>>> print(open('protein39.txt').read())   # compact mmCIF, C-alpha atoms and all ligand atoms
# COMPACT_ATOMS: atom_id res chain seq x y z
CA MET A 1 79.41 36.69 92.06
CA PRO A 2 81.86 34.42 93.80
CA ARG A 3 81.06 32.55 96.92
CA PHE A 4 84.43 32.23 98.58
CA ALA A 5 85.63 29.05 100.24
CA ALA A 6 88.85 28.51 102.18
CA ASN A 7 91.13 25.62 101.39
CA LEU A 8 91.76 24.36 104.91
CA THR A 9 94.77 22.32 103.87
CA MET A 10 96.61 25.53 102.98
CA LEU A 11 94.83 28.30 104.92
CA PHE A 12 94.63 28.57 108.70
CA ASN A 13 97.13 25.78 109.06
CA GLU A 14 98.63 27.57 112.04
CA LEU A 15 95.66 25.90 113.84
CA PRO A 16 94.69 22.23 114.30
CA MET A 17 92.33 21.10 111.51
CA LEU A 18 89.15 21.06 113.57
CA GLN A 19 89.68 24.66 114.67
CA ARG A 20 90.17 25.87 111.11
CA PHE A 21 86.43 25.66 110.34
CA GLY A 22 85.61 28.28 112.98
CA ALA A 23 88.54 30.48 111.99
CA ALA A 24 87.40 30.43 108.37
CA ARG A 25 83.82 31.26 109.33
CA ARG A 26 84.93 34.18 111.52
CA ALA A 27 87.07 35.49 108.68
CA GLY A 28 84.03 35.60 106.38
CA PHE A 29 84.28 32.39 104.32
CA LYS A 30 81.05 30.50 103.70
CA GLY A 31 82.56 27.20 102.65
CA VAL A 32 85.74 25.18 102.90
CA GLU A 33 87.63 22.56 100.93
CA ILE A 34 90.01 20.00 102.39
CA LEU A 35 92.37 18.22 100.05
CA PHE A 36 92.88 15.04 102.03
CA PRO A 37 90.43 14.65 104.93
CA TYR A 38 91.46 11.11 105.67
CA ASP A 39 93.35 11.43 108.95
CA ILE A 40 90.70 12.99 111.17
CA PRO A 41 87.69 11.13 112.55
CA LEU A 42 84.73 11.90 110.31
CA PRO A 43 82.22 12.54 113.13
CA ASP A 44 84.55 15.21 114.54
CA MET A 45 84.98 16.86 111.20
CA ARG A 46 81.27 16.76 110.45
CA ALA A 47 80.49 18.23 113.87
CA SER A 48 82.97 21.06 113.38
CA ALA A 49 81.61 21.87 109.92
CA ARG A 50 78.04 21.86 111.20
CA ARG A 51 78.82 23.89 114.30
CA ASN A 52 80.35 26.56 112.12
CA ARG A 53 77.70 26.29 109.39
CA MET A 54 80.32 25.49 106.79
CA GLU A 55 79.66 23.60 103.60
CA ILE A 56 82.54 21.32 102.65
CA VAL A 57 82.75 22.14 98.98
CA LEU A 58 85.46 19.77 97.79
CA ILE A 59 87.78 16.96 98.79
CA ASN A 60 90.41 15.09 96.76
CA CYS A 61 90.56 11.37 96.21
CA PRO A 62 93.10 9.70 98.46
CA PRO A 63 95.98 9.16 98.81
CA PRO A 64 97.91 11.98 97.12
CA ASN A 65 99.72 14.19 99.52
CA TRP A 66 102.26 16.96 99.56
CA ALA A 67 104.94 14.94 101.30
CA GLY A 68 106.33 13.36 98.17
CA GLY A 69 103.70 10.66 97.78
CA PRO A 70 102.04 9.66 94.50
CA LEU A 71 99.89 12.29 92.77
CA GLY A 72 96.92 10.05 92.09
CA PHE A 73 96.37 6.97 89.98
CA ALA A 74 93.50 7.69 87.59
CA ALA A 75 95.68 7.79 84.44
CA ILE A 76 98.01 4.97 85.38
CA PRO A 77 96.94 1.74 83.64
CA GLU A 78 98.67 -0.58 86.12
CA ARG A 79 96.87 1.09 89.06
CA LYS A 80 93.27 0.84 87.95
CA GLU A 81 92.23 -1.28 90.90
CA ARG A 82 93.95 1.04 93.29
CA PHE A 83 92.23 4.08 91.78
CA ARG A 84 88.81 2.47 92.04
CA ARG A 85 89.36 1.43 95.65
CA ASP A 86 90.48 4.96 96.51
CA PHE A 87 87.48 6.42 94.75
CA GLU A 88 85.11 4.25 96.80
CA ARG A 89 86.78 5.57 99.92
CA ALA A 90 86.49 9.18 98.75
CA LEU A 91 82.83 8.57 98.04
CA ARG A 92 82.21 7.26 101.55
CA VAL A 93 83.92 10.29 103.06
CA ALA A 94 82.07 12.65 100.71
CA GLU A 95 78.78 11.08 101.73
CA ALA A 96 79.60 11.34 105.41
CA LEU A 97 80.54 15.01 105.09
CA SER A 98 77.93 16.03 102.47
CA VAL A 99 80.66 17.15 100.10
CA ARG A 100 79.73 18.75 96.79
CA HIS A 101 82.76 17.87 94.62
CA ILE A 102 85.35 15.10 94.55
CA HIS A 103 88.54 16.02 92.74
CA ILE A 104 90.21 13.18 90.87
CA MET A 105 93.96 13.40 90.31
CA SER A 106 95.51 11.75 87.27
CA GLY A 107 98.94 10.90 88.62
CA LYS A 108 102.17 11.04 86.67
CA ALA A 109 101.84 9.37 83.28
CA GLU A 110 102.00 10.04 79.55
CA GLY A 111 100.88 8.70 76.21
CA ALA A 112 97.81 7.10 74.66
CA ALA A 113 97.46 4.33 77.23
CA ALA A 114 97.34 6.90 80.03
CA LEU A 115 94.68 8.89 78.20
CA ASP A 116 92.55 5.79 77.62
CA CYS A 117 92.94 4.76 81.23
CA PHE A 118 92.02 8.23 82.54
CA ILE A 119 88.89 8.34 80.36
CA ASP A 120 87.90 4.82 81.33
CA ASN A 121 88.35 5.45 85.04
CA LEU A 122 86.48 8.76 84.92
CA ARG A 123 83.63 7.17 82.98
CA TRP A 124 83.45 4.45 85.61
CA ALA A 125 83.55 6.96 88.48
CA ALA A 126 80.92 9.23 86.92
CA GLY A 127 78.62 6.23 86.48
CA ARG A 128 79.40 4.83 89.91
CA ALA A 129 78.40 8.13 91.57
CA PRO A 130 76.05 10.01 89.26
CA HIS A 131 74.83 12.06 92.23
CA ALA A 132 78.34 13.38 93.03
CA GLY A 133 80.14 16.25 91.32
CA LEU A 134 83.54 15.14 90.02
CA THR A 135 86.33 17.40 88.78
CA ILE A 136 89.62 17.24 86.91
CA GLU A 137 92.17 20.04 87.09
CA PRO A 138 94.99 21.05 84.76
CA ILE A 139 98.05 21.53 86.97
CA ASN A 140 101.08 23.38 85.66
CA PRO A 141 104.12 21.26 84.81
CA ILE A 142 106.57 23.54 86.63
CA ASP A 143 105.00 22.77 90.01
CA MET A 144 104.20 19.13 89.16
CA PRO A 145 106.55 17.82 86.48
CA GLY A 146 105.27 14.69 84.78
CA TYR A 147 101.69 15.11 85.97
CA PHE A 148 99.34 13.86 83.26
CA MET A 149 96.51 16.40 83.49
CA SER A 150 98.65 19.42 82.72
CA ASP A 151 96.80 21.19 79.92
CA PHE A 152 93.36 22.71 79.31
CA ASP A 153 92.94 21.33 75.79
CA LEU A 154 93.69 17.88 77.13
CA ALA A 155 91.05 18.43 79.82
CA GLU A 156 88.53 19.33 77.09
CA THR A 157 89.40 16.14 75.21
CA VAL A 158 88.84 14.08 78.34
CA LEU A 159 85.60 15.84 79.29
CA ASP A 160 84.25 15.35 75.77
CA ALA A 161 85.19 11.68 75.73
CA VAL A 162 83.65 10.94 79.14
CA ALA A 163 80.64 13.16 78.42
CA ALA A 164 79.15 12.85 81.90
CA PRO A 165 77.13 15.76 83.27
CA ASN A 166 78.59 15.28 86.75
CA LEU A 167 82.21 15.61 85.56
CA GLY A 168 83.59 19.11 85.06
CA LEU A 169 86.64 21.29 85.10
CA GLN A 170 88.32 22.51 88.26
CA PHE A 171 89.60 25.85 86.95
CA ASP A 172 92.56 26.89 89.06
CA ALA A 173 93.44 30.43 87.96
CA TYR A 174 96.98 30.11 89.31
CA HIS A 175 97.64 27.03 87.16
CA ALA A 176 95.85 28.63 84.22
CA HIS A 177 98.25 31.56 84.45
CA ARG A 178 101.31 29.32 84.63
CA ILE A 179 100.11 27.11 81.77
CA THR A 180 98.79 29.76 79.38
CA GLY A 181 99.97 33.16 80.67
CA ASP A 182 96.43 34.46 80.10
CA VAL A 183 93.85 33.59 82.75
CA ILE A 184 91.02 35.59 81.19
CA GLY A 185 91.63 34.13 77.72
CA CYS A 186 91.83 30.66 79.20
CA TRP A 187 88.58 31.21 81.07
CA ARG A 188 86.90 32.46 77.89
CA ARG A 189 87.94 29.26 76.09
CA HIS A 190 87.30 26.73 78.82
CA GLY A 191 85.25 28.37 81.59
CA HIS A 192 81.98 26.94 80.30
CA ARG A 193 83.26 23.54 81.56
CA ALA A 194 84.07 24.83 85.05
CA HIS A 195 82.32 23.30 88.03
CA HIS A 196 84.71 24.75 90.57
CA ILE A 197 87.34 27.53 90.71
CA GLN A 198 90.47 27.98 92.80
CA ILE A 199 92.59 31.10 93.14
CA ALA A 200 96.06 32.16 94.27
CA GLY A 201 98.43 35.00 93.47
CA MET A 202 101.40 34.83 91.20
CA PRO A 203 104.32 34.74 91.85
CA GLY A 204 104.64 32.60 94.93
CA ARG A 205 101.12 31.17 95.08
CA HIS A 206 100.28 33.59 97.88
CA GLU A 207 97.26 35.86 98.49
CA PRO A 208 95.35 36.77 95.30
CA VAL A 209 96.42 40.44 95.32
CA ASP A 210 99.19 42.64 93.95
CA GLY A 211 100.51 40.03 91.55
CA GLU A 212 100.52 39.15 87.89
CA ILE A 213 96.93 37.87 87.88
CA ASN A 214 94.34 40.62 87.81
CA TYR A 215 91.62 39.19 90.02
CA THR A 216 89.50 42.33 89.88
CA GLU A 217 89.14 41.72 86.17
CA PHE A 218 88.74 37.95 86.58
CA PHE A 219 85.90 38.30 89.08
CA GLN A 220 84.29 40.87 86.83
CA VAL A 221 84.33 38.38 83.96
CA LEU A 222 82.92 35.65 86.21
CA ALA A 223 80.08 37.97 87.19
CA GLU A 224 79.38 38.86 83.56
CA ASP A 225 79.34 35.16 82.67
CA GLY A 226 76.97 34.38 85.53
CA TYR A 227 79.32 31.92 87.22
CA ASP A 228 77.51 30.96 90.40
CA GLY A 229 79.76 28.22 91.75
CA TRP A 230 82.36 28.35 94.49
CA VAL A 231 85.72 30.09 94.34
CA SER A 232 88.22 28.55 96.73
CA ALA A 233 91.26 30.29 98.10
CA GLU A 234 94.01 27.74 97.61
CA TYR A 235 97.21 29.55 98.43
CA ALA A 236 100.12 29.62 100.84
CA PRO A 237 99.60 32.65 103.13
CA ARG A 238 102.61 34.95 103.25
CA THR A 239 102.46 35.05 107.05
CA LEU A 240 99.52 34.26 109.29
CA THR A 241 96.34 33.56 107.29
CA GLU A 242 94.29 36.32 108.87
CA ALA A 243 96.93 38.95 108.22
CA GLY A 244 96.47 38.46 104.48
CA LEU A 245 92.68 38.44 104.15
CA ARG A 246 92.12 42.03 103.04
CA TRP A 247 91.30 40.65 99.57
CA LEU A 248 88.33 38.72 100.97
CA GLN A 249 86.77 41.87 102.41
CA GLU A 250 87.39 43.84 99.24
CA PHE A 251 86.24 41.30 96.68
CA GLY A 252 83.43 40.01 98.90
CA LYS A 253 82.05 43.51 99.35
CA ALA A 254 82.56 44.57 95.76
CA GLN A 255 80.81 41.51 94.41
CA GLY A 256 78.10 41.11 97.06
CA GLN A 257 77.16 37.69 98.37
CA PRO A 258 74.58 35.59 96.50
CA PRO A 259 72.25 33.17 98.30
CA GLN A 260 74.08 30.27 99.88
CA ASP A 261 71.74 27.53 98.69
CA GLY A 262 72.98 27.50 95.10
CA SER A 263 69.46 28.31 93.94
CA ARG A 264 70.35 30.84 91.24
CA PRO A 265 69.77 29.40 87.80
CA ALA A 266 72.90 28.63 85.80
CA PRO A 267 73.28 29.82 82.23
CA ALA A 268 72.26 27.00 79.93
CA SER A 269 75.66 27.02 78.22
CA ARG A 270 77.69 26.29 81.36
CA GLY A 271 78.18 22.85 82.87
CA ARG A 272 77.26 22.74 86.53
CA PRO A 273 77.74 20.35 89.38
CA LEU A 274 74.65 18.60 90.57
CA ARG A 275 73.23 20.69 93.35
CA ARG A 276 71.86 17.74 95.20
CA ARG A 277 74.09 16.78 98.05
CA ILE A 278 75.13 13.24 98.68
CA ALA A 279 72.99 11.61 101.35
CA PRO A 280 74.78 11.35 104.68
CA GLY A 281 76.51 8.02 105.20
CA THR A 282 79.14 6.75 107.57
CA GLY A 283 82.82 6.12 108.04
CA SER A 284 85.79 6.14 105.71
O1 LIG B 1 97.48 21.74 93.46
C1 LIG B 1 96.35 22.15 93.22
O2 LIG B 1 96.16 23.18 92.59
C2 LIG B 1 95.18 21.41 93.71
O3 LIG B 1 94.09 21.86 93.52
C3 LIG B 1 95.35 20.15 94.45
O4 LIG B 1 94.13 19.66 94.89
C4 LIG B 1 95.92 19.09 93.61
O5 LIG B 1 95.08 18.86 92.56
MG MG B 2 94.13 23.77 92.54
>>> encode(input="protein39.txt", output="structure tokens", more="lines below")
Ligand SMILES: O=C(O)C(=O)[C@@H](O)CO
Ligand SMILES: [Mg+2]
Amino acid sequence: MPRFAANLTMLFNELPMLQRFGAARRAGFKGVEILFPYDIPLPDMRASARRNRMEIVLINCPPPNWAGGPLGFAAIPERKERFRRDFERALRVAEALSVRHIHIMSGKAEGAAALDCFIDNLRWAAGRAPHAGLTIEPINPIDMPGYFMSDFDLAETVLDAVAAPNLGLQFDAYHAHRITGDVIGCWRRHGHRAHHIQIAGMPGRHEPVDGEINYTEFFQVLAEDGYDGWVSAEYAPRTLTEAGLRWLQEFGKAQGQPPQDGSRPAPASRGRPLRRRIAPGTGS
């Protein structure tokens, strides 16, 4: 029974950021994620989220961006200090905005030293913020060549090695399709580690309809498995965001909407983010 969130970095970006919260709420979303909420004053963002009764489900660690900047530092041995400083900043922002998950990007790296570094940094982060939900996400190597966290088996290895209850998988169905060609099979193998899901259509990473990924079937499997976390729309709208939201009405109606307080019990076999929100704090 998905609870749908809108990725405000990619959706509604025909509007200024602070107006996207209201647009997403009017469209029927109950939550939002923002990849890099580091350029807007936090009080303004918090006020906009509250005014529109929007939970901010996820943010990314700084400073990765889509303008050609680095893709994170967590697996880069020479940038350990930088990663840890960035994580502290993400934590402050997450606290200020009552964010549920912080997504940690590995950066471009390879080899045993990168793996050790990634595990070490994640272990540190999970211990530093045991009250926060942390995620790692396999990203397909066609879209991000050289990115370290590019495979689901590797993610399992890392999750097993860190073994922290507040670290889980960010299962992006679009990347799962590009990496494995079989989203449902991939979910069956790795979905029990998922703390958060993202969706997009294929090809083109547009709306999750009429493409190679059968989302009707995927949502059916999620319902059967009792997945009760968030499903975020992380795609590039074909035209204006609202013009492409038929899928939200259809899937939202077909699946029904569960309670918004995350109170449904999770199956014992599935890892879950901590439900407790981070206490409000200040500044970034
Ligand atoms: O590219 C994606 O997919 C994401 O979810 C970004 O947050 C980068 O990890
Ligand atoms: Mg994603």
>>> residues_near_ligand(input="protein39.txt", ligand="ligand LIG 1 (chain B)", cutoff="8 Å", atoms="all atoms listed in the file", output="ChimeraX atom specification")
/A:35,59-60,71,103-105,137,139,170,172,174-175,198,234
>>> residues_around(input="protein39.txt", residues="Ala74 of chain A", least_positions_apart="6", cutoff="7 Å", atoms="all atoms listed in the file", output="list in words")
Lys80, Phe83, Met105, Ser106, Gly107, Phe118 and Asn121 of chain A
>>> residues_around(input="protein39.txt", residues="segment 42-49 of chain A", least_positions_apart="2", cutoff="8 Å", atoms="all atoms listed in the file", output="PDB file with C-alpha atoms, in the coordinates of the input")
ATOM      1  CA  LEU A  18      89.150  21.060 113.570  1.00  0.00           C
ATOM      2  CA  GLN A  19      89.680  24.660 114.670  1.00  0.00           C
ATOM      3  CA  PHE A  21      86.430  25.660 110.340  1.00  0.00           C
ATOM      4  CA  GLY A  22      85.610  28.280 112.980  1.00  0.00           C
ATOM      5  CA  ILE A  40      90.700  12.990 111.170  1.00  0.00           C
ATOM      6  CA  ARG A  51      78.820  23.890 114.300  1.00  0.00           C
ATOM      7  CA  ASN A  52      80.350  26.560 112.120  1.00  0.00           C
ATOM      8  CA  ARG A  53      77.700  26.290 109.390  1.00  0.00           C
ATOM      9  CA  MET A  54      80.320  25.490 106.790  1.00  0.00           C
ATOM     10  CA  GLU A  55      79.660  23.600 103.600  1.00  0.00           C
ATOM     11  CA  ILE A  56      82.540  21.320 102.650  1.00  0.00           C
ATOM     12  CA  VAL A  93      83.920  10.290 103.060  1.00  0.00           C
ATOM     13  CA  ALA A  96      79.600  11.340 105.410  1.00  0.00           C
ATOM     14  CA  LEU A  97      80.540  15.010 105.090  1.00  0.00           C
ATOM     15  CA  GLY A 283      82.820   6.120 108.040  1.00  0.00           C
ATOM     16  CA  SER A 284      85.790   6.140 105.710  1.00  0.00           C
TER      17      SER A 284
END
>>> atom_distance(input="protein39.txt", atom1="atom CA of Leu11 of chain A", atom2="atom CA of Ile34 of chain A")
9.9 Å
>>> residues_around(input="protein39.txt", residues="segment 243-246 of chain A", least_positions_apart="3", cutoff="10 Å", atoms="all atoms listed in the file", output="PDB file with C-alpha atoms, in the frame of the given file")
ATOM      1  CA  ALA A  27      87.070  35.490 108.680  1.00  0.00           C
ATOM      2  CA  GLY A  28      84.030  35.600 106.380  1.00  0.00           C
ATOM      3  CA  HIS A 206     100.280  33.590  97.880  1.00  0.00           C
ATOM      4  CA  GLU A 207      97.260  35.860  98.490  1.00  0.00           C
ATOM      5  CA  PRO A 208      95.350  36.770  95.300  1.00  0.00           C
ATOM      6  CA  VAL A 209      96.420  40.440  95.320  1.00  0.00           C
ATOM      7  CA  PRO A 237      99.600  32.650 103.130  1.00  0.00           C
ATOM      8  CA  ARG A 238     102.610  34.950 103.250  1.00  0.00           C
ATOM      9  CA  THR A 239     102.460  35.050 107.050  1.00  0.00           C
ATOM     10  CA  LEU A 240      99.520  34.260 109.290  1.00  0.00           C
ATOM     11  CA  GLN A 249      86.770  41.870 102.410  1.00  0.00           C
ATOM     12  CA  GLU A 250      87.390  43.840  99.240  1.00  0.00           C
ATOM     13  CA  PHE A 251      86.240  41.300  96.680  1.00  0.00           C
ATOM     14  CA  GLY A 252      83.430  40.010  98.900  1.00  0.00           C
TER      15      GLY A 252
END
>>> closest_residue(input="protein39.txt", among="A:Gly111, A:Gly229, A:Pro130, A:Pro2", to="Leu58 of chain A", atoms="all atoms listed in the file")
A:Gly229
>>> atom_distance(input="protein39.txt", atom1="atom CA of Glu81 of chain A", atom2="atom CA of Gly127 of chain A")
16.2 Å
>>> residues_around(input="protein39.txt", residues="Ala24 of chain A", least_positions_apart="4", cutoff="10 Å", atoms="only C-alpha atoms", output="ChimeraX atom specification")
/A:5-8,11-12,19-20,28-32,52,54,241-242
>>> closest_residue(input="protein39.txt", among="A:Glu78, A:Asp182, A:Asp86, A:Asp143", to="ligand MG 2 (chain B)", atoms="all atoms listed in the file")
A:Asp143
>>> closest_residue(input="protein39.txt", among="A:Trp230, A:Phe171, A:Phe152, A:Phe219", to="ligand MG 2 (chain B)", atoms="only C-alpha atoms and all ligand atoms")
A:Phe171
>>> atom_distance(input="protein39.txt", atom1="atom CA of Ala155 of chain A", atom2="atom CA of Ala114 of chain A")
13.1 Å
>>> closest_residue(input="protein39.txt", among="A:Ala236, A:Leu167, A:Leu91, A:Leu248", to="Pro203 of chain A", atoms="all atoms listed in the file")
A:Ala236
>>> residues_around(input="protein39.txt", residues="Gly211 of chain A", least_positions_apart="2", cutoff="6 Å", atoms="only C-alpha atoms", output="PyMOL selection string")
chain A and resi 201-202+209+213
>>> closest_residue(input="protein39.txt", among="A:Thr216, A:Ala90, A:Trp247, A:Leu169", to="ligand MG 2 (chain B)", atoms="only C-alpha atoms and all ligand atoms")
A:Leu169
